[in-house]
>>> print(open('start-v3.txt').read())   # compact mmCIF, C-alpha atoms
# COMPACT_ATOMS: atom_id res chain seq x y z
CA MET A 266 69.58 -49.36 -129.99
CA SER A 267 66.84 -47.46 -131.70
CA THR A 268 64.74 -45.48 -129.28
CA ALA A 269 61.02 -45.54 -129.91
CA ALA A 270 59.35 -42.21 -130.65
CA LYS A 271 57.63 -40.65 -127.66
CA ARG A 272 53.88 -40.80 -127.85
CA PRO A 273 51.74 -37.92 -126.67
CA LYS A 274 50.17 -38.34 -123.26
CA MET A 275 46.64 -39.68 -123.30
CA ASP A 276 43.88 -38.95 -120.87
CA LYS A 277 41.30 -41.40 -119.50
CA LYS A 278 39.01 -40.96 -122.52
CA GLY A 279 41.81 -41.82 -124.94
CA LYS A 280 42.19 -38.28 -126.27
CA SER A 281 45.54 -36.56 -126.63
CA ASP A 282 46.44 -34.14 -123.84
CA LYS A 283 46.52 -30.87 -125.75
CA ARG A 284 47.56 -27.59 -124.27
CA ASN A 285 44.90 -25.13 -123.39
CA TYR A 286 44.40 -22.21 -125.75
CA TYR A 287 45.38 -19.66 -123.15
CA ALA A 288 48.36 -21.66 -121.92
CA LYS A 289 50.10 -20.90 -125.21
CA ALA A 290 50.55 -17.36 -124.01
CA PHE A 291 53.31 -18.66 -121.75
CA ALA A 292 56.26 -19.25 -124.07
CA GLY A 293 57.69 -22.63 -123.19
CA GLY A 294 55.77 -22.68 -119.92
CA ALA A 295 57.87 -19.85 -118.40
CA LYS A 296 55.99 -17.55 -116.07
CA LYS A 297 55.77 -13.87 -116.85
CA PHE A 298 55.73 -11.24 -114.14
CA LEU A 299 54.27 -7.77 -113.79
CA GLU A 300 56.72 -5.10 -114.93
CA PRO A 301 56.85 -1.29 -115.09
CA GLY A 302 55.44 0.19 -118.27
CA GLN A 303 52.60 -2.32 -118.65
CA CYS A 304 48.87 -1.62 -118.60
CA GLY A 305 45.87 -3.85 -118.25
CA PHE A 306 43.44 -5.06 -115.59
CA MET A 307 43.84 -5.89 -111.94
CA VAL A 308 41.43 -8.70 -111.06
CA THR A 309 40.78 -9.90 -107.52
CA CYS A 310 39.21 -13.22 -106.53
CA ASN A 311 38.75 -15.67 -103.64
CA PHE A 312 41.28 -18.51 -103.81
CA ARG A 313 40.41 -19.71 -107.35
CA GLU A 314 42.87 -17.76 -109.43
CA LYS A 315 42.90 -20.05 -112.48
CA ASP A 316 39.13 -19.96 -112.83
CA CYS A 317 39.22 -16.21 -112.29
CA ILE A 318 41.75 -15.78 -115.10
CA GLN A 319 39.70 -17.97 -117.44
CA GLU A 320 36.56 -15.92 -116.78
CA SER A 321 38.50 -12.69 -117.24
CA TYR A 322 39.78 -13.87 -120.62
CA ARG A 323 36.25 -14.73 -121.70
CA LEU A 324 34.71 -11.42 -120.62
CA LEU A 325 37.52 -9.27 -121.99
CA ASN A 326 37.69 -11.06 -125.33
CA GLU A 327 33.92 -10.86 -125.81
CA CYS A 328 33.90 -7.15 -125.07
CA ALA A 329 36.98 -6.45 -127.21
CA ASP A 330 35.45 -8.32 -130.14
CA GLU A 331 32.34 -6.14 -129.87
CA LEU A 332 34.33 -2.90 -129.71
CA TYR A 333 37.26 -3.57 -132.05
CA GLY A 334 36.37 -6.71 -133.99
CA LYS A 335 37.87 -10.16 -133.83
CA VAL A 336 41.59 -10.77 -134.07
CA GLU A 337 42.63 -12.28 -137.40
CA ASP A 338 45.60 -14.55 -137.65
CA THR A 339 47.95 -12.42 -139.73
CA GLN A 340 51.20 -14.04 -138.86
CA GLU A 341 53.77 -13.69 -141.57
CA LYS A 342 55.28 -16.91 -142.69
CA THR A 343 59.06 -16.87 -142.99
CA PRO A 344 60.07 -17.74 -146.56
CA ALA A 345 62.40 -20.68 -147.06
CA ASP A 346 65.96 -19.94 -148.01
CA GLN A 347 66.34 -20.10 -151.73
CA ASN A 348 69.97 -21.07 -152.04
CA GLU A 349 71.70 -23.48 -149.71
CA ASP A 350 75.03 -22.06 -150.85
CA GLU A 351 74.16 -18.70 -149.26
CA GLU A 352 73.33 -20.42 -145.95
CA GLU A 353 76.70 -22.09 -145.88
CA GLU A 354 78.46 -18.80 -146.47
CA VAL A 355 76.67 -17.02 -143.57
CA ASP A 356 78.34 -17.33 -140.19
CA ILE A 357 76.71 -19.72 -137.69
CA SER A 358 76.30 -17.01 -135.04
CA VAL A 359 74.39 -14.84 -137.51
CA GLN A 360 72.15 -17.78 -138.38
CA VAL A 361 71.35 -18.39 -134.73
CA GLN A 362 70.53 -14.72 -134.22
CA ASN A 363 68.26 -14.64 -137.27
CA GLN A 364 66.47 -17.77 -136.13
CA ALA A 365 65.89 -16.29 -132.69
CA GLU A 366 64.43 -13.10 -134.17
CA ALA A 367 62.21 -15.11 -136.52
CA ALA A 368 60.97 -17.21 -133.59
CA LYS A 369 60.05 -14.05 -131.67
CA LYS A 370 58.09 -12.75 -134.65
CA GLN A 371 56.28 -16.06 -135.07
CA ARG A 372 55.06 -16.16 -131.47
CA PRO A 373 51.32 -15.54 -131.24
CA GLN A 374 50.43 -12.20 -129.70
CA PHE A 375 47.29 -12.14 -127.61
CA ARG A 376 45.22 -9.14 -126.73
CA PHE A 377 45.17 -10.24 -123.12
CA GLN A 378 47.79 -12.17 -121.20
CA SER A 379 48.02 -13.07 -117.53
CA VAL A 380 51.15 -12.22 -115.55
CA GLU A 381 52.21 -12.96 -111.98
CA THR A 382 51.81 -10.26 -109.34
CA GLY A 383 53.30 -12.10 -106.37
CA ALA A 384 50.17 -11.53 -104.27
CA LYS A 385 47.49 -14.12 -103.58
CA ASN A 386 43.99 -13.55 -104.89
CA CYS A 387 45.26 -10.66 -106.99
CA CYS A 388 45.77 -11.29 -110.72
CA PHE A 389 46.89 -8.96 -113.47
CA ILE A 390 46.08 -9.27 -117.17
CA THR A 391 48.13 -7.19 -119.56
CA THR A 392 46.70 -5.92 -122.83
CA THR A 393 47.99 -4.62 -126.12
CA LEU A 394 45.09 -2.14 -126.29
CA LYS A 395 45.78 1.49 -125.46
CA GLU A 396 42.58 2.12 -123.49
CA PRO A 397 41.83 -0.72 -121.03
CA LYS A 398 39.40 1.54 -119.18
CA GLU A 399 36.96 1.54 -122.10
CA ILE A 400 36.51 -2.23 -121.95
CA ALA A 401 36.16 -2.34 -118.16
CA LEU A 402 33.56 0.43 -118.13
CA LYS A 403 31.53 -1.28 -120.83
CA ILE A 404 31.44 -4.54 -118.86
CA LEU A 405 30.60 -2.89 -115.54
CA ARG A 406 27.94 -0.54 -116.91
CA GLU A 407 26.15 -3.36 -118.72
CA LEU A 408 26.31 -5.36 -115.50
CA ASN A 409 24.86 -2.41 -113.59
CA GLU A 410 21.94 -2.21 -116.02
CA THR A 411 21.11 -5.90 -116.31
CA LYS A 412 22.12 -7.04 -112.79
CA LYS A 413 22.95 -10.46 -114.24
CA ARG A 414 26.11 -12.13 -113.00
CA LYS A 415 28.62 -12.95 -115.71
CA SER A 416 31.24 -14.63 -113.53
CA ARG A 417 31.50 -16.70 -110.39
CA ASN A 418 35.03 -15.97 -109.21
CA ILE A 419 35.80 -12.36 -110.21
CA LEU A 420 35.35 -9.82 -107.44
CA ARG A 421 36.84 -6.54 -108.71
CA LEU A 422 37.76 -5.64 -112.28
CA MET A 423 39.95 -2.53 -112.14
CA PRO A 424 41.54 -1.03 -115.28
CA ILE A 425 45.16 0.04 -114.76
CA GLU A 426 46.72 2.70 -116.97
CA VAL A 427 50.24 2.96 -115.51
CA VAL A 428 52.56 0.53 -113.76
CA THR A 429 55.65 2.01 -112.14
CA ARG A 430 58.08 1.28 -109.32
CA ALA A 431 56.85 1.74 -105.78
CA ASN A 432 58.85 4.75 -104.67
CA LEU A 433 57.63 8.29 -104.23
CA LYS A 434 59.64 9.84 -107.07
CA ASP A 435 58.54 7.32 -109.71
CA ILE A 436 54.94 7.47 -108.51
CA ILE A 437 54.79 11.26 -108.79
CA ASP A 438 56.49 11.25 -112.21
CA ALA A 439 54.11 8.63 -113.63
CA ALA A 440 51.05 10.29 -112.08
CA GLY A 441 52.03 13.74 -113.39
CA ALA A 442 52.01 12.54 -117.00
CA LEU A 443 48.72 10.70 -116.44
CA PHE A 444 46.95 13.60 -114.70
CA ASP A 445 47.51 15.90 -117.68
CA LYS A 446 44.74 14.00 -119.50
CA TYR A 447 42.13 14.57 -116.81
CA PHE A 448 42.81 17.60 -114.59
CA LEU A 449 44.22 20.34 -116.81
CA LYS A 450 41.22 21.84 -118.60
CA GLU A 451 38.00 21.51 -116.62
CA PRO A 452 37.84 21.62 -112.80
CA LYS A 453 37.04 18.23 -111.31
CA LYS A 454 36.17 16.77 -107.95
CA PHE A 455 38.54 13.95 -107.07
CA ALA A 456 39.22 11.31 -104.43
CA ILE A 457 42.40 9.28 -103.91
CA MET A 458 42.00 5.58 -103.09
CA PHE A 459 45.22 4.07 -101.72
CA ASN A 460 45.83 0.40 -100.99
CA ARG A 461 48.99 -1.66 -100.55
CA ARG A 462 49.94 -5.31 -100.39
CA PHE A 463 53.21 -6.75 -99.08
CA ASN A 464 54.82 -3.33 -98.82
CA ASN A 465 55.49 -1.23 -95.74
CA ASN A 466 58.03 1.17 -97.22
CA VAL A 467 55.59 3.44 -99.03
CA ASP A 468 53.99 5.97 -96.69
CA ARG A 469 50.26 6.26 -97.38
CA SER A 470 49.74 9.81 -96.11
CA GLU A 471 52.79 11.11 -97.92
CA VAL A 472 51.71 9.66 -101.26
CA ILE A 473 48.16 11.01 -100.89
CA ASP A 474 49.39 14.50 -99.95
CA GLN A 475 51.81 14.63 -102.87
CA LEU A 476 49.20 13.44 -105.37
CA ALA A 477 46.57 15.89 -104.07
CA GLY A 478 49.04 18.76 -104.37
CA LEU A 479 49.92 17.64 -107.89
CA ILE A 480 46.26 17.65 -108.93
CA THR A 481 45.61 21.12 -107.52
CA SER A 482 48.73 22.39 -109.28
CA LYS A 483 47.24 21.26 -112.61
CA ASN A 484 44.13 23.38 -111.99
CA ILE A 485 43.45 25.50 -108.92
CA HIS A 486 39.71 24.76 -109.06
CA ASN A 487 40.20 21.00 -108.66
CA LYS A 488 38.79 20.04 -105.27
CA ALA A 489 38.79 16.90 -103.16
CA ASN A 490 35.44 15.23 -102.54
CA LEU A 491 35.51 11.82 -100.91
CA LYS A 492 31.74 11.20 -101.06
CA ASN A 493 30.84 12.11 -104.64
CA PRO A 494 33.95 12.55 -106.81
CA ASP A 495 33.92 13.01 -110.56
CA LEU A 496 37.12 10.98 -110.87
CA ALA A 497 38.79 8.56 -108.49
CA ILE A 498 42.57 8.07 -108.46
CA ILE A 499 43.37 4.42 -107.83
CA VAL A 500 46.79 3.72 -106.26
CA GLU A 501 47.52 0.02 -105.70
CA VAL A 502 50.95 -0.90 -104.30
CA ILE A 503 51.88 -4.56 -104.77
CA LYS A 504 55.32 -5.46 -103.46
CA GLY A 505 57.78 -3.29 -105.39
CA LEU A 506 55.35 -1.97 -108.00
CA CYS A 507 52.66 0.69 -108.01
CA LEU A 508 49.54 0.53 -110.20
CA ILE A 509 47.85 3.85 -111.00
CA SER A 510 44.60 4.65 -112.78
CA VAL A 511 41.98 7.42 -113.00
CA VAL A 512 38.41 6.10 -113.25
CA PRO A 513 34.89 7.63 -113.26
CA ASP A 514 31.74 6.45 -111.45
CA TYR A 515 33.75 4.83 -108.69
CA PHE A 516 31.03 4.73 -106.05
CA GLN A 517 28.16 4.43 -108.55
CA LEU A 518 29.73 1.20 -109.82
CA ARG A 519 30.29 -0.04 -106.27
CA LYS A 520 34.07 0.44 -106.37
CA TYR A 521 34.21 -1.65 -109.55
CA ASN A 522 33.13 -4.72 -107.60
CA MET A 523 31.09 -7.01 -109.83
CA VAL A 524 29.60 -8.94 -106.91
CA GLU A 525 28.39 -5.79 -105.17
CA ILE A 526 26.83 -4.49 -108.40
CA CYS A 527 24.75 -7.66 -108.73
CA ALA A 528 23.93 -7.60 -105.01
CA GLN A 529 22.00 -4.37 -105.54
CA ARG A 530 19.36 -6.35 -107.43
CA ASP A 531 18.89 -8.73 -104.51
CA GLU A 532 18.49 -5.79 -102.13
CA GLY A 533 15.95 -4.19 -104.48
CA ASP A 534 14.01 -7.45 -104.75
CA LYS A 535 13.97 -7.78 -100.95
CA GLU A 536 12.69 -4.23 -100.57
CA LYS A 537 9.98 -4.85 -103.17
CA SER A 538 8.91 -8.07 -101.46
CA GLU A 539 8.81 -6.31 -98.11
CA ASP A 540 6.74 -3.51 -99.61
CA LYS A 541 4.32 -6.04 -101.07
CA GLU A 542 4.01 -7.81 -97.74
CA VAL A 543 3.33 -4.48 -96.03
CA GLU A 544 0.68 -3.64 -98.64
CA LYS A 545 -0.95 -7.06 -98.16
CA ALA A 546 -0.97 -6.59 -94.39
CA GLU A 547 -2.52 -3.13 -94.79
CA ASP A 548 -5.17 -4.52 -97.14
CA LYS A 549 -6.00 -7.24 -94.62
CA THR A 550 -6.29 -4.73 -91.80
CA ASP A 551 -8.52 -2.50 -93.95
CA ALA A 552 -10.73 -5.47 -94.82
CA THR A 553 -11.03 -6.51 -91.19
CA THR A 554 -11.89 -2.97 -90.14
CA GLU A 555 -14.52 -2.75 -92.88
CA ASN A 556 -16.00 -6.08 -91.82
CA SER A 557 -16.07 -5.03 -88.18
CA GLU A 558 -17.72 -1.74 -89.10
CA GLY A 559 -20.28 -3.62 -91.20
CA ASP A 560 -21.01 -5.97 -88.32
CA LYS A 561 -21.43 -2.98 -86.03
CA VAL A 562 -23.87 -1.41 -88.48
CA LYS A 563 -25.81 -4.67 -88.73
CA THR A 564 -26.00 -5.03 -84.98
CA THR A 565 -27.22 -1.45 -84.60
CA GLU A 566 -29.81 -2.03 -87.31
CA ASP A 567 -30.98 -5.24 -85.63
CA ALA A 568 -31.19 -3.44 -82.30
CA GLU A 569 -33.26 -0.68 -83.88
CA MET A 570 -35.54 -3.27 -85.51
CA THR A 571 -36.08 -5.05 -82.22
CA GLU A 572 -36.79 -1.75 -80.47
CA ASP A 573 -39.31 -0.82 -83.18
CA SER A 574 -41.05 -4.18 -82.91
CA THR A 575 -41.30 -3.95 -79.11
CA ALA A 576 -42.66 -0.40 -79.42
CA ASP A 577 -45.36 -1.61 -81.86
CA VAL A 578 -46.37 -4.38 -79.50
CA LYS A 579 -46.69 -1.94 -76.61
CA THR A 580 -48.83 0.45 -78.65
CA ASP A 581 -51.14 -2.39 -79.71
CA GLU A 582 -51.61 -3.42 -76.09
CA LYS A 583 -52.41 0.14 -75.06
CA LEU A 584 -54.98 0.47 -77.82
CA LYS A 585 -56.69 -2.73 -76.71
CA GLU A 586 -56.88 -1.51 -73.13
CA ASP A 587 -58.30 1.91 -74.08
CA LYS A 588 -60.99 0.61 -76.52
CA PRO A 589 -64.49 -0.03 -74.88
CA GLU A 590 -66.13 -3.37 -75.18
CA ASP A 591 -68.93 -3.68 -77.83
CA THR A 592 -72.53 -4.35 -76.45
CA PRO A 593 -74.81 -6.68 -78.37
CA ALA A 594 -77.64 -5.11 -80.48
CA SER A 595 -80.47 -7.02 -78.73
CA ASP A 596 -79.58 -5.45 -75.35
CA ALA A 597 -79.75 -2.03 -76.90
CA VAL A 598 -83.16 -2.62 -78.39
CA GLU A 599 -84.52 -3.96 -75.17
CA SER A 600 -83.34 -0.97 -73.22
CA THR A 601 -85.03 1.41 -75.57
CA ALA A 602 -88.20 -0.58 -75.57
CA GLU A 603 -88.48 -0.36 -71.84
>>> encode(input="start-v3.txt", output="structure tokens")
Amino acid sequence: MSTAAKRPKMDKKGKSDKRNYYAKAFAGGAKKFLEPGQCGFMVTCNFREKDCIQESYRLLNECADELYGKVEDTQEKTPADQNEDEEEEVDISVQVQNQAEAAKKQRPQFRFQSVETGAKNCCFITTTLKEPKEIALKILRELNETKKRKSRNILRLMPIEVVTRANLKDIIDAAGALFDKYFLKEPKKFAIMFNRRFNNNVDRSEVIDQLAGLITSKNIHNKANLKNPDLAIIVEVIKGLCLISVVPDYFQLRKYNMVEICAQRDEGDKEKSEDKEVEKAEDKTDATTENSEGDKVKTTEDAEMTEDSTADVKTDEKLKEDKPEDTPASDAVESTAE
């Protein structure tokens, strides 16, 4: 019996169910996990990890295209075998090995690719770029200037420079090589930020003490400053792995929290509105005081006017009383005649 060819799945609108662009990063649908030696971005969210990853891809790709240009498809096509006779002569095992290597070369390589961390609400996106911190700082500083939200689900966007195993020896070895870039030449103020998830074997105080001693050994003038550090050392322990990075402007950029950066604008707007309301209230009080003072002046003027008028009336009455009555002219003539 001839089996009919399988048709692609169709959705409700009658369109073929194509894979998402970013889903191609998973070869054959197999999940990839966080491993030592990788670098990238640790992204935290609230329960919507898929949407968070999609938004992270969008932001990172936009910023990378601005900094380094767009990625061009430069995949090399494998040439077809010229002679079938040569294929027959080659051993089958060698053919299989060559095909596997060719398939690896033909796989698309993305700048950014999501991997599993094993912790909820904590995603990690690996990158082929050497400096993930440059991209993260560009995104966060632009966000700090504009105060316009670019995502709904991303909370923190933290660049990670080193991923190593979560034991004290490996952490100190990886941090020693990383600290040579930042703490050898000029003295710096530093702060160590330690956090762990699903791991109780790594002692927090021990790791912090060892890292602080390592930094001071690089340069004696390096000093700890937890309130206003020049550089912050990020140590994130997730299960059996440790993520390390050295970042600037940690507190100025609100601990690299995109939501908190945008929340500063709301606080500023509230303060401005409160100031305006206070100014309006002060203006109203000033106006009322001026009106009351004007009314007082008017009342005093009216009182003075009434007093003046009563005084005039009294003076007129006094003048009338003091003035003698006029005698007629005939009486005067008669008196003289007599």
>>> closest_residue(input="start-v3.txt", among="A:Ser321, A:Ser416, A:Thr393, A:Asn490", to="Ala477 (chain A)", atoms="all atoms listed in the file")
A:Asn490
>>> atom_distance(input="start-v3.txt", atom1="CA of Cys388 (chain A)", atom2="CA of Phe448 (chain A)")
29.3 Å
>>> residues_near_point(input="start-v3.txt", point="(37.7, 17.8, -112.6)", cutoff="9 Å", atoms="all atoms listed in the file", output="list in words")
Tyr447, Phe448, Leu449, Lys450, Glu451, Pro452, Lys453, Lys454, Phe455, Asn484, His486, Asn487, Lys488, Pro494, Asp495 and Leu496 of chain A
>>> atom_distance(input="start-v3.txt", atom1="CA of Ala456 (chain A)", atom2="CA of Ala497 (chain A)")
4.9 Å
>>> residues_around(input="start-v3.txt", residues="Phe298 (chain A)", least_positions_apart="5", cutoff="10 Å", atoms="only C-alpha atoms", output="count of residues only")
6
>>> atom_distance(input="start-v3.txt", atom1="CA of Val502 (chain A)", atom2="CA of Asn326 (chain A)")
26.9 Å
>>> residues_around(input="start-v3.txt", residues="Pro424 (chain A)", least_positions_apart="5", cutoff="6 Å", atoms="only C-alpha atoms", output="mmCIF file with C-alpha atoms, keeping the file's coordinate frame")
data_model
loop_
_atom_site.group_PDB
_atom_site.id
_atom_site.type_symbol
_atom_site.label_atom_id
_atom_site.label_comp_id
_atom_site.auth_asym_id
_atom_site.auth_seq_id
_atom_site.Cartn_x
_atom_site.Cartn_y
_atom_site.Cartn_z
ATOM 1 C CA GLY A 305 45.870 -3.850 -118.250
ATOM 2 C CA PHE A 306 43.440 -5.060 -115.590
ATOM 3 C CA PRO A 397 41.830 -0.720 -121.030
ATOM 4 C CA LYS A 398 39.400 1.540 -119.180
#
>>> residues_near_point(input="start-v3.txt", point="(47.7, -11.8, -102.1)", cutoff="12 Å", atoms="all atoms listed in the file", output="list in words")
Val308, Thr309, Cys310, Asn311, Phe312, Arg313, Glu314, Glu381, Thr382, Gly383, Ala384, Lys385, Asn386, Cys387, Cys388, Phe389, Arg461, Arg462, Phe463, Asn464, Val502, Ile503 and Lys504 of chain A
>>> closest_residue(input="start-v3.txt", among="A:Glu331, A:Gln362, A:Asn418, A:Lys413", to="Asp316 (chain A)", atoms="only C-alpha atoms")
A:Asn418
>>> residues_around(input="start-v3.txt", residues="Ile400 (chain A)", least_positions_apart="4", cutoff="12 Å", atoms="only C-alpha atoms", output="compact mmCIF listing (two decimals) with C-alpha atoms, keeping the file's coordinate frame")
# COMPACT_ATOMS: atom_id res chain seq x y z
CA GLY A 305 45.87 -3.85 -118.25
CA PHE A 306 43.44 -5.06 -115.59
CA SER A 321 38.50 -12.69 -117.24
CA LEU A 324 34.71 -11.42 -120.62
CA LEU A 325 37.52 -9.27 -121.99
CA ASN A 326 37.69 -11.06 -125.33
CA GLU A 327 33.92 -10.86 -125.81
CA CYS A 328 33.90 -7.15 -125.07
CA ALA A 329 36.98 -6.45 -127.21
CA ASP A 330 35.45 -8.32 -130.14
CA GLU A 331 32.34 -6.14 -129.87
CA LEU A 332 34.33 -2.90 -129.71
CA TYR A 333 37.26 -3.57 -132.05
CA PHE A 377 45.17 -10.24 -123.12
CA THR A 392 46.70 -5.92 -122.83
CA LEU A 394 45.09 -2.14 -126.29
CA LYS A 395 45.78 1.49 -125.46
CA GLU A 396 42.58 2.12 -123.49
CA ILE A 404 31.44 -4.54 -118.86
CA LEU A 405 30.60 -2.89 -115.54
CA ARG A 406 27.94 -0.54 -116.91
CA GLU A 407 26.15 -3.36 -118.72
CA LEU A 422 37.76 -5.64 -112.28
CA MET A 423 39.95 -2.53 -112.14
CA PRO A 424 41.54 -1.03 -115.28
CA ILE A 425 45.16 0.04 -114.76
>>> closest_residue(input="start-v3.txt", among="A:Leu518, A:Val467, A:Val361, A:Val524", to="Leu402 (chain A)", atoms="all atoms listed in the file")
A:Leu518
>>> closest_residue(input="start-v3.txt", among="A:Gln303, A:Asn409, A:Ser482, A:Asn465", to="Asn522 (chain A)", atoms="all atoms listed in the file")
A:Asn409
>>> residues_around(input="start-v3.txt", residues="Glu501 (chain A)", least_positions_apart="3", cutoff="10 Å", atoms="all atoms listed in the file", output="MDAnalysis selection string")
chainID A and resid 307 425 428 431 458:462 498 504 506:510
>>> closest_residue(input="start-v3.txt", among="A:Ala489, A:Ile318, A:Val427, A:Leu408", to="Cys304 (chain A)", atoms="all atoms listed in the file")
A:Val427
>>> axis_aligned_box(input="start-v3.txt", around="region 501-519 of chain A", padding_each_side="5 Å", output="JSON")
{"center_x": 43.0, "center_y": 1.1, "center_z": -108.4, "size_x": 39.6, "size_y": 23.1, "size_z": 19.8}
